[in-house]
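Coordinates from target20.cif are shown below (mmCIF, C-alpha atoms and all ligand atoms).
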data_my_file
loop_
_atom_site.label_atom_id
_atom_site.label_comp_id
_atom_site.auth_asym_id
_atom_site.auth_seq_id
_atom_site.Cartn_x
_atom_site.Cartn_y
_atom_site.Cartn_z
CA MET A 1 13.27 7.55 82.27
CA LEU A 2 15.46 9.99 80.39
CA ASP A 3 18.29 7.43 80.49
CA GLN A 4 15.87 4.83 79.17
CA LEU A 5 15.05 7.13 76.23
CA ASP A 6 18.77 7.62 75.47
CA THR A 7 19.38 3.85 75.45
CA LEU A 8 16.27 3.29 73.35
CA GLU A 9 17.42 5.83 70.77
CA ARG A 10 20.94 4.39 70.61
CA GLN A 11 19.75 0.82 70.20
CA ALA A 12 17.14 1.74 67.58
CA LEU A 13 19.65 3.66 65.48
CA ALA A 14 22.19 0.84 65.80
CA SER A 15 19.72 -1.81 64.62
CA LEU A 16 18.64 0.40 61.71
CA GLU A 17 22.18 0.07 60.37
CA SER A 18 21.70 -3.66 59.78
CA ALA A 19 18.43 -3.28 57.82
CA GLN A 20 19.47 -4.05 54.26
CA ASP A 21 16.16 -4.37 52.41
CA ASP A 22 12.68 -2.97 52.36
CA GLU A 23 11.25 -5.84 54.39
CA ALA A 24 13.80 -5.41 57.22
CA LEU A 25 13.16 -1.67 57.19
CA GLN A 26 9.41 -2.15 57.64
CA ARG A 27 10.03 -4.62 60.48
CA TRP A 28 12.30 -2.04 62.15
CA LYS A 29 9.60 0.65 61.82
CA ILE A 30 7.01 -1.54 63.52
CA ALA A 31 9.46 -2.49 66.31
CA HIS A 32 10.66 1.04 67.09
CA LEU A 33 7.91 3.41 66.01
CA GLY A 34 4.87 1.10 66.01
CA ARG A 35 1.91 1.16 68.39
CA ASN A 36 3.50 -1.40 70.73
CA SER A 37 7.09 -0.11 70.56
CA PRO A 38 8.98 0.84 73.79
CA LEU A 39 8.95 4.49 72.69
CA MET A 40 5.15 4.57 72.38
CA LYS A 41 4.87 2.86 75.75
CA ILE A 42 6.81 5.77 77.27
CA PHE A 43 4.32 8.19 75.70
CA ASP A 44 1.53 6.10 77.26
CA GLN A 45 3.22 6.31 80.69
CA LEU A 46 3.65 10.10 80.58
CA GLY A 47 0.35 10.65 82.32
CA SER A 48 1.37 8.59 85.34
CA LEU A 49 4.63 10.49 85.88
CA PRO A 50 5.08 13.07 88.63
CA LYS A 51 4.02 16.47 87.34
CA GLU A 52 7.51 18.04 87.27
CA GLU A 53 9.02 15.12 85.28
CA ARG A 54 6.44 15.20 82.51
CA PRO A 55 7.77 18.16 80.42
CA PRO A 56 11.44 17.05 80.14
CA VAL A 57 10.50 13.41 79.48
CA GLY A 58 7.83 14.41 77.00
CA ARG A 59 10.23 16.74 75.19
CA ARG A 60 12.94 14.10 75.09
CA ALA A 61 10.51 11.41 73.89
CA ASN A 62 9.40 13.68 71.04
CA GLN A 63 13.05 14.33 70.14
CA VAL A 64 13.75 10.61 70.01
CA LYS A 65 10.62 10.00 67.93
CA GLY A 66 11.66 12.74 65.48
CA ALA A 67 15.21 11.39 65.26
CA LEU A 68 14.01 7.84 64.59
CA GLU A 69 11.53 9.00 61.93
CA ALA A 70 14.23 11.05 60.19
CA ALA A 71 16.66 8.11 60.37
CA PHE A 72 13.97 5.85 58.88
CA GLU A 73 13.32 8.24 55.95
CA ALA A 74 17.06 8.60 55.27
CA LYS A 75 17.58 4.85 55.31
CA ASN A 76 14.53 4.31 53.12
CA GLU A 77 15.87 6.77 50.54
CA ALA A 78 19.36 5.23 50.71
CA LEU A 79 17.90 1.77 50.05
CA ARG A 80 15.82 3.06 47.14
CA GLN A 81 18.88 4.65 45.55
CA ALA A 82 20.89 1.44 46.05
CA THR A 83 18.17 -0.61 44.38
CA LEU A 84 18.04 1.84 41.47
CA GLN A 85 21.81 1.76 41.04
CA GLN A 86 21.78 -2.01 41.03
CA ALA A 87 19.01 -2.09 38.43
CA LEU A 88 20.95 0.33 36.25
CA GLN A 89 23.98 -1.92 36.50
CA THR A 90 22.31 -5.26 35.85
CA GLU A 91 19.64 -4.15 33.37
CA ARG A 92 21.86 -1.75 31.48
CA LEU A 93 20.74 -0.99 27.93
CA ASP A 94 23.45 -2.11 25.56
CA VAL A 95 23.43 0.60 22.89
CA SER A 96 26.22 -1.16 21.00
CA LEU A 97 23.83 -3.96 19.95
CA PRO A 98 23.19 -3.78 16.21
CA GLY A 99 19.65 -2.60 15.42
CA ARG A 100 17.06 -4.73 13.71
CA PRO A 101 16.94 -3.55 10.11
CA PRO A 102 13.50 -2.73 8.70
CA VAL A 103 12.46 -4.84 5.72
CA LEU A 104 13.17 -2.74 2.66
CA GLY A 105 11.06 -2.85 -0.46
CA ARG A 106 12.77 -3.31 -3.77
CA LEU A 107 12.20 -2.57 -7.40
CA HIS A 108 10.35 -4.99 -9.63
CA PRO A 109 12.68 -6.74 -12.12
CA ASN A 110 10.73 -5.03 -14.91
CA THR A 111 11.39 -1.61 -13.41
CA ILE A 112 15.07 -2.43 -12.98
CA THR A 113 15.32 -3.49 -16.64
CA LEU A 114 13.33 -0.49 -17.86
CA ARG A 115 15.57 1.92 -15.96
CA MET A 116 18.63 0.21 -17.36
CA ILE A 117 17.27 0.59 -20.90
CA TYR A 118 16.43 4.28 -20.19
CA ARG A 119 19.95 4.87 -18.91
CA VAL A 120 21.69 3.23 -21.86
CA LEU A 121 19.51 4.94 -24.47
CA GLY A 122 19.49 8.18 -22.46
CA ASP A 123 23.29 8.22 -22.65
CA MET A 124 22.90 7.82 -26.41
CA GLY A 125 20.72 10.92 -26.63
CA PHE A 126 17.19 9.45 -26.55
CA GLN A 127 14.50 11.23 -24.55
CA VAL A 128 11.55 9.46 -22.94
CA PHE A 129 8.19 10.24 -24.52
CA ARG A 130 5.08 8.80 -22.89
CA SER A 131 1.81 8.24 -24.67
CA ARG A 132 -1.59 6.80 -23.81
CA GLU A 133 -2.36 3.10 -23.36
CA VAL A 134 -5.91 3.43 -24.73
CA GLU A 135 -5.80 4.17 -28.43
CA SER A 136 -8.00 4.54 -31.43
CA ASP A 137 -7.93 1.86 -34.11
CA ASP A 138 -6.45 4.47 -36.42
CA TYR A 139 -3.40 5.20 -34.27
CA ASN A 140 -2.81 1.57 -33.33
CA PHE A 141 -3.15 0.24 -36.89
CA GLY A 142 -4.30 2.55 -39.67
CA LEU A 143 -1.72 5.33 -39.42
CA LEU A 144 1.00 2.70 -39.01
CA ASN A 145 0.31 1.40 -42.50
CA MET A 146 -2.18 -1.26 -41.40
CA PRO A 147 -5.52 -0.20 -42.89
CA PRO A 148 -8.64 -2.25 -42.03
CA HIS A 149 -8.44 -5.80 -43.41
CA HIS A 150 -4.64 -5.59 -43.68
CA PRO A 151 -3.42 -9.15 -43.04
CA ALA A 152 -0.76 -7.88 -40.58
CA ARG A 153 -3.56 -7.15 -38.12
CA ASP A 154 -3.82 -10.89 -37.60
CA MET A 155 -0.50 -10.72 -35.72
CA TRP A 156 -2.18 -8.88 -32.87
CA ASP A 157 -5.25 -10.20 -31.08
CA THR A 158 -6.63 -7.05 -29.58
CA PHE A 159 -8.67 -6.01 -26.54
CA HIS A 160 -11.42 -3.79 -27.90
CA THR A 161 -13.44 -1.53 -25.58
CA THR A 162 -17.21 -1.22 -25.73
CA THR A 163 -16.67 2.04 -27.66
CA PRO A 164 -16.23 1.09 -31.34
CA GLY A 165 -12.76 1.88 -32.66
CA VAL A 166 -11.23 2.34 -29.17
CA LEU A 167 -8.86 -0.35 -27.96
CA LEU A 168 -5.97 -1.13 -25.63
CA ARG A 169 -2.83 -0.57 -27.67
CA THR A 170 -1.14 -3.75 -28.85
CA HIS A 171 2.27 -2.07 -29.16
CA THR A 172 3.93 1.24 -28.29
CA SER A 173 4.17 2.22 -31.97
CA PRO A 174 1.07 4.49 -31.91
CA GLY A 175 3.31 6.79 -29.83
CA GLN A 176 5.40 7.25 -33.00
CA ILE A 177 2.52 9.08 -34.67
CA HIS A 178 1.85 11.16 -31.53
CA VAL A 179 5.45 12.27 -31.15
CA MET A 180 5.91 12.93 -34.89
CA ARG A 181 2.77 15.05 -35.09
CA LEU A 182 3.93 16.97 -32.01
CA TYR A 183 7.44 17.74 -33.29
CA ALA A 184 7.27 17.70 -37.12
CA PRO A 185 9.30 18.98 -38.92
CA GLU A 186 11.91 18.99 -36.12
CA PRO A 187 14.29 16.01 -35.83
CA ILE A 188 13.30 13.42 -33.21
CA ARG A 189 15.25 11.04 -31.02
CA VAL A 190 12.94 9.46 -28.42
CA ILE A 191 12.07 6.23 -26.68
CA LEU A 192 8.44 5.37 -26.07
CA PRO A 193 8.15 3.06 -23.09
CA GLY A 194 4.93 1.63 -21.72
CA MET A 195 2.43 -1.14 -21.25
CA CYS A 196 0.89 -3.01 -24.16
CA TYR A 197 -2.01 -5.43 -24.22
CA ARG A 198 -2.86 -8.44 -26.33
CA TYR A 199 -5.63 -10.94 -26.14
CA GLU A 200 -3.37 -13.96 -25.91
CA GLN A 201 -3.42 -17.45 -24.50
CA VAL A 202 -1.16 -16.97 -21.45
CA SER A 203 1.86 -19.28 -21.54
CA ALA A 204 5.46 -19.39 -20.37
CA ARG A 205 6.36 -17.03 -23.20
CA LYS A 206 3.17 -14.97 -23.68
CA GLU A 207 1.27 -12.64 -21.37
CA THR A 208 -1.80 -10.47 -21.98
CA GLN A 209 0.05 -7.37 -20.81
CA PHE A 210 3.71 -6.51 -21.10
CA ASN A 211 6.10 -3.60 -21.47
CA GLN A 212 7.66 -2.35 -24.65
CA VAL A 213 10.28 0.27 -25.25
CA GLU A 214 10.09 1.70 -28.72
CA GLY A 215 12.88 3.82 -30.12
CA LEU A 216 12.41 6.39 -32.86
CA ALA A 217 14.86 8.66 -34.64
CA ILE A 218 13.73 11.01 -37.43
CA GLY A 219 15.85 13.47 -39.32
CA ARG A 220 17.60 14.18 -42.58
CA HIS A 221 20.09 11.63 -43.93
CA ILE A 222 19.36 8.93 -41.34
CA THR A 223 20.31 5.57 -42.84
CA MET A 224 20.26 1.89 -42.04
CA ALA A 225 23.88 2.30 -40.90
CA ASP A 226 22.68 4.63 -38.12
CA LEU A 227 20.13 2.01 -37.10
CA LYS A 228 22.73 -0.76 -37.00
CA GLY A 229 25.29 1.35 -35.17
CA THR A 230 22.73 2.41 -32.56
CA LEU A 231 21.52 -1.12 -31.90
CA VAL A 232 25.00 -2.69 -31.83
CA ASP A 233 26.08 -0.05 -29.33
CA PHE A 234 22.88 -0.53 -27.31
CA SER A 235 23.34 -4.32 -27.17
CA ARG A 236 26.95 -3.99 -26.07
CA ARG A 237 26.08 -1.52 -23.33
CA MET A 238 23.07 -3.57 -22.25
CA PHE A 239 24.62 -7.07 -22.30
CA ASN A 240 28.37 -6.91 -22.63
CA GLN A 241 31.06 -5.45 -24.85
CA ASP A 242 31.88 -8.78 -26.49
CA VAL A 243 28.33 -9.81 -27.36
CA HIS A 244 27.83 -10.98 -30.94
CA ILE A 245 24.82 -9.53 -32.74
CA ARG A 246 23.15 -10.38 -36.01
CA PHE A 247 20.49 -8.67 -38.08
CA ARG A 248 17.92 -10.89 -39.77
CA ALA A 249 15.63 -9.67 -42.54
CA SER A 250 12.03 -9.51 -41.37
CA HIS A 251 8.79 -7.74 -42.12
CA PHE A 252 6.76 -5.14 -40.22
CA PRO A 253 4.07 -3.05 -41.94
CA PHE A 254 5.44 0.22 -40.48
CA THR A 255 9.12 -0.22 -41.41
CA GLU A 256 10.86 -0.85 -44.72
CA PRO A 257 13.29 -2.56 -44.77
CA SER A 258 12.70 -4.42 -41.48
CA ALA A 259 14.97 -6.61 -39.41
CA GLU A 260 15.09 -8.58 -36.23
CA VAL A 261 18.12 -8.46 -33.99
CA ASP A 262 19.52 -11.54 -32.26
CA ILE A 263 22.30 -11.76 -29.70
CA GLU A 264 24.50 -14.79 -29.32
CA CYS A 265 23.08 -17.22 -26.75
CA TYR A 266 24.64 -16.46 -23.35
CA LEU A 267 24.22 -20.06 -22.19
CA CYS A 268 25.95 -22.00 -24.93
CA GLY A 269 28.01 -19.21 -26.49
CA GLY A 270 26.46 -19.89 -29.90
CA LYS A 271 26.87 -23.67 -29.96
CA GLY A 272 23.15 -24.35 -29.56
CA CYS A 273 21.21 -25.36 -26.44
CA GLY A 274 17.70 -25.68 -25.02
CA VAL A 275 17.29 -21.96 -24.29
CA CYS A 276 18.13 -20.90 -27.86
CA ALA A 277 16.35 -23.94 -29.33
CA GLY A 278 19.61 -25.17 -30.83
CA SER A 279 20.12 -22.04 -32.95
CA GLY A 280 22.81 -20.37 -30.84
CA TRP A 281 20.93 -17.04 -31.11
CA LEU A 282 18.33 -15.23 -29.01
CA GLU A 283 15.92 -12.69 -30.50
CA ILE A 284 15.89 -9.42 -28.55
CA LEU A 285 14.19 -6.81 -30.73
CA GLY A 286 12.61 -5.85 -34.01
CA CYS A 287 13.59 -2.77 -36.01
CA GLY A 288 13.63 -1.09 -39.40
CA MET A 289 13.62 2.14 -41.36
CA VAL A 290 10.39 4.07 -40.81
CA HIS A 291 7.98 3.37 -43.70
CA PRO A 292 7.36 6.41 -45.96
CA VAL A 293 3.61 6.10 -45.35
CA VAL A 294 4.18 6.34 -41.58
CA LEU A 295 6.50 9.33 -42.04
CA ARG A 296 3.85 11.08 -44.09
CA ASN A 297 1.14 10.24 -41.53
CA GLY A 298 3.38 11.77 -38.87
CA GLY A 299 3.76 14.99 -40.85
CA TYR A 300 7.20 14.49 -42.42
CA ASP A 301 7.99 14.56 -46.12
CA PRO A 302 9.50 11.13 -46.85
CA TYR A 303 11.53 12.62 -49.71
CA LYS A 304 13.35 14.90 -47.27
CA PHE A 305 13.24 12.97 -44.01
CA SER A 306 14.07 9.44 -43.01
CA GLY A 307 14.26 7.60 -39.74
CA PHE A 308 14.57 4.33 -37.94
CA ALA A 309 12.54 2.63 -35.24
CA PHE A 310 13.04 -0.35 -32.97
CA GLY A 311 11.02 -2.13 -30.32
CA ILE A 312 12.43 -3.92 -27.31
CA GLY A 313 10.56 -6.21 -24.89
CA PRO A 314 11.91 -5.41 -21.40
CA GLU A 315 10.46 -8.64 -19.97
CA ARG A 316 12.32 -10.55 -22.65
CA VAL A 317 15.55 -8.70 -21.85
CA ALA A 318 15.06 -9.37 -18.12
CA MET A 319 14.43 -13.05 -18.90
CA LEU A 320 17.67 -13.21 -20.86
CA ARG A 321 19.70 -11.29 -18.30
CA HIS A 322 18.44 -13.24 -15.29
CA ARG A 323 17.68 -16.56 -17.02
CA ILE A 324 14.01 -16.40 -16.06
CA GLU A 325 12.19 -19.25 -17.74
CA ASP A 326 8.56 -18.17 -17.43
CA ILE A 327 7.16 -14.72 -18.29
CA ARG A 328 4.22 -15.31 -15.92
CA TYR A 329 6.54 -14.77 -12.91
CA PHE A 330 6.45 -11.03 -13.62
CA TRP A 331 2.78 -10.75 -12.66
CA VAL A 332 2.09 -13.43 -10.03
CA ASN A 333 3.54 -11.37 -7.14
CA ASP A 334 5.41 -14.34 -5.72
CA MET A 335 7.79 -12.94 -3.10
CA ARG A 336 10.19 -15.85 -3.61
CA PHE A 337 10.66 -14.60 -7.15
CA LEU A 338 10.60 -10.85 -6.47
CA GLU A 339 13.05 -10.97 -3.56
CA GLN A 340 15.78 -12.29 -5.83
CA PHE A 341 16.22 -8.89 -7.48
ZN ZN B 1 22.06 -21.52 -26.41
#

Could you show the structure in this file as structure tokens?
Amino acid sequence: MLDQLDTLERQALASLESAQDDEALQRWKIAHLGRNSPLMKIFDQLGSLPKEERPPVGRRANQVKGALEAAFEAKNEALRQATLQQALQTERLDVSLPGRPPVLGRLHPNTITLRMIYRVLGDMGFQVFRSREVESDDYNFGLLNMPPHHPARDMWDTFHTTTPGVLLRTHTSPGQIHVMRLYAPEPIRVILPGMCYRYEQVSARKETQFNQVEGLAIGRHITMADLKGTLVDFSRRMFNQDVHIRFRASHFPFTEPSAEVDIECYLCGGKGCGVCAGSGWLEILGCGMVHPVVLRNGGYDPYKFSGFAFGIGPERVAMLRHRIEDIRYFWVNDMRFLEQF
């Protein structure tokens, strides 16, 4: 019986070698360590053996059982490791694959244009001065040389609040009075950017709210030549060095004299086309020398101080720079439009 146990052990260990997967391993376990395996049968027969044979056979049978169980565990672990290695090989993570980029937000074309204007005028020594969007009638009109019933008020259809005399500003010019009253009699060189509101019929060229950037310089001996030099330089930095500019006489109640500035049409080069309505010129801003009444309202003596002011429409500049045909695109939040900038 001891010989039988030796043979049994040898054969079991030999057949374990050929088990190459989990299924074969389980089959081997049932065949060699299961309830009906030859080894278990020997345990069953122990009782019928002669008394003196029982201890050595029993000992040997337990040895064989222990050896087979240990061999099974070792093989099981070896198979598990092999499977893991194979998985690591075949399902390897390729860290060299390019990542999926997150969708980045971008700046609104208005913001881009505003920042460009800030940079150009900032380089020229202008500081940003912010003022409120809700104004009194006095700041929006009266102090800017437009007393009640002044015909110039007809140029601006205004959003009035339920509080009499309080309105949404129609232009950034009220900021002129605020900044002058804050700094008088010091010299001033500021830009006043911000949102303006007008009660308009919305069209391809008109919106009820829009940005403006107003420029204001106050000091002694400031002349129209300073105004022209500043705006020519601004236009060249903003558009290009070769751009042609012209000043056209105009009228604003808060400047005297007043002018409008045109740049040569970028599409036709001045020959005349649909965009410039055949004129060859595109209007980009209004400007003028600060009216003595406005200077006085701001706290400056118009006999000692002078200044110039100009107002730019950033939407209009963006439309010119990017050939945008409809001002309504700026507010409709159409991604097809916004993603182009
Ligand atoms: Zn043109």

Close residues, Pro174 in chain A itself excluded, 6 Å, only C-alpha atoms, min 3 positions apart in chain, as a ChimeraX atom specification
/A:139-140,177

Serialized selection, C-alpha atoms, as a compact mmCIF listing (two decimals), keeping the file's coordinate frame:
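result_29.txt, freshly written:
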# COMPACT_ATOMS: atom_id res chain seq x y z
CA TYR A 139 -3.40 5.20 -34.27
CA ASN A 140 -2.81 1.57 -33.33
CA ILE A 177 2.52 9.08 -34.67

Which is closer to ligand ZN 1 (chain B) than all the others in A:Arg35, A:Arg60, A:Arg10, A:Lys271, using all atoms listed in the file?
A:Lys271

Name the residues in contact with range 295-305 of chain A at a cut-off of 12 Å, using only C-alpha atoms, excluding same-chain residues fewer than 6 positions from it; report them as an mmCIF file with C-alpha atoms, in the frame of the given file.
data_model
loop_
_atom_site.group_PDB
_atom_site.id
_atom_site.type_symbol
_atom_site.label_atom_id
_atom_site.label_comp_id
_atom_site.auth_asym_id
_atom_site.auth_seq_id
_atom_site.Cartn_x
_atom_site.Cartn_y
_atom_site.Cartn_z
ATOM 1 C CA ASP A 138 -6.450 4.470 -36.420
ATOM 2 C CA TYR A 139 -3.400 5.200 -34.270
ATOM 3 C CA PHE A 141 -3.150 0.240 -36.890
ATOM 4 C CA GLY A 142 -4.300 2.550 -39.670
ATOM 5 C CA LEU A 143 -1.720 5.330 -39.420
ATOM 6 C CA LEU A 144 1.000 2.700 -39.010
ATOM 7 C CA ASN A 145 0.310 1.400 -42.500
ATOM 8 C CA MET A 146 -2.180 -1.260 -41.400
ATOM 9 C CA SER A 173 4.170 2.220 -31.970
ATOM 10 C CA PRO A 174 1.070 4.490 -31.910
ATOM 11 C CA GLY A 175 3.310 6.790 -29.830
ATOM 12 C CA GLN A 176 5.400 7.250 -33.000
ATOM 13 C CA ILE A 177 2.520 9.080 -34.670
ATOM 14 C CA HIS A 178 1.850 11.160 -31.530
ATOM 15 C CA VAL A 179 5.450 12.270 -31.150
ATOM 16 C CA MET A 180 5.910 12.930 -34.890
ATOM 17 C CA ARG A 181 2.770 15.050 -35.090
ATOM 18 C CA LEU A 182 3.930 16.970 -32.010
ATOM 19 C CA TYR A 183 7.440 17.740 -33.290
ATOM 20 C CA ALA A 184 7.270 17.700 -37.120
ATOM 21 C CA PRO A 185 9.300 18.980 -38.920
ATOM 22 C CA GLU A 186 11.910 18.990 -36.120
ATOM 23 C CA PRO A 187 14.290 16.010 -35.830
ATOM 24 C CA ILE A 188 13.300 13.420 -33.210
ATOM 25 C CA LEU A 216 12.410 6.390 -32.860
ATOM 26 C CA ALA A 217 14.860 8.660 -34.640
ATOM 27 C CA ILE A 218 13.730 11.010 -37.430
ATOM 28 C CA GLY A 219 15.850 13.470 -39.320
ATOM 29 C CA ARG A 220 17.600 14.180 -42.580
ATOM 30 C CA HIS A 221 20.090 11.630 -43.930
ATOM 31 C CA ILE A 222 19.360 8.930 -41.340
ATOM 32 C CA THR A 223 20.310 5.570 -42.840
ATOM 33 C CA PHE A 254 5.440 0.220 -40.480
ATOM 34 C CA THR A 255 9.120 -0.220 -41.410
ATOM 35 C CA GLU A 256 10.860 -0.850 -44.720
ATOM 36 C CA MET A 289 13.620 2.140 -41.360
#

Which residues are close to range 314-318 of chain A, i.e. within 9 Å by all atoms listed in the file, leaving aside same-chain residues fewer than 3 positions away? Reply as a list in words.
Pro109, Asn110, Thr111, Ile112, Thr113, Leu114, Ile117, Arg205, Phe210, Asn211, Gln212, Val213, Glu283, Ile284, Arg321, His322, Arg323, Ile324, Ile327 and Phe330 of chain A

Which neighbours of range 97-105 of chain A fall inside 12 Å, counting only C-alpha atoms, when residues of the same chain fewer than 4 positions from it are skipped, and could you give them as JSON, numbers by chain?
{"A": [92, 93, 335, 338, 339, 340, 341]}

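If one restricts the calculation to all atoms listed in the file, the set of residues situated within 8 Å of ligand ZN 1 (chain B) consists of A:Glu264, A:Cys265, A:Tyr266, A:Leu267, A:Cys268, A:Gly269, A:Gly270, A:Lys271, A:Gly272, A:Cys273, A:Gly274, A:Val275, A:Cys276, A:Ala277, A:Gly278, A:Ser279, A:Gly280, A:Trp281, A:Leu282.
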
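Across the model, the gap from CA of Glu9 in chain A to CA of Ala61 in chain A is 9.4 Å.
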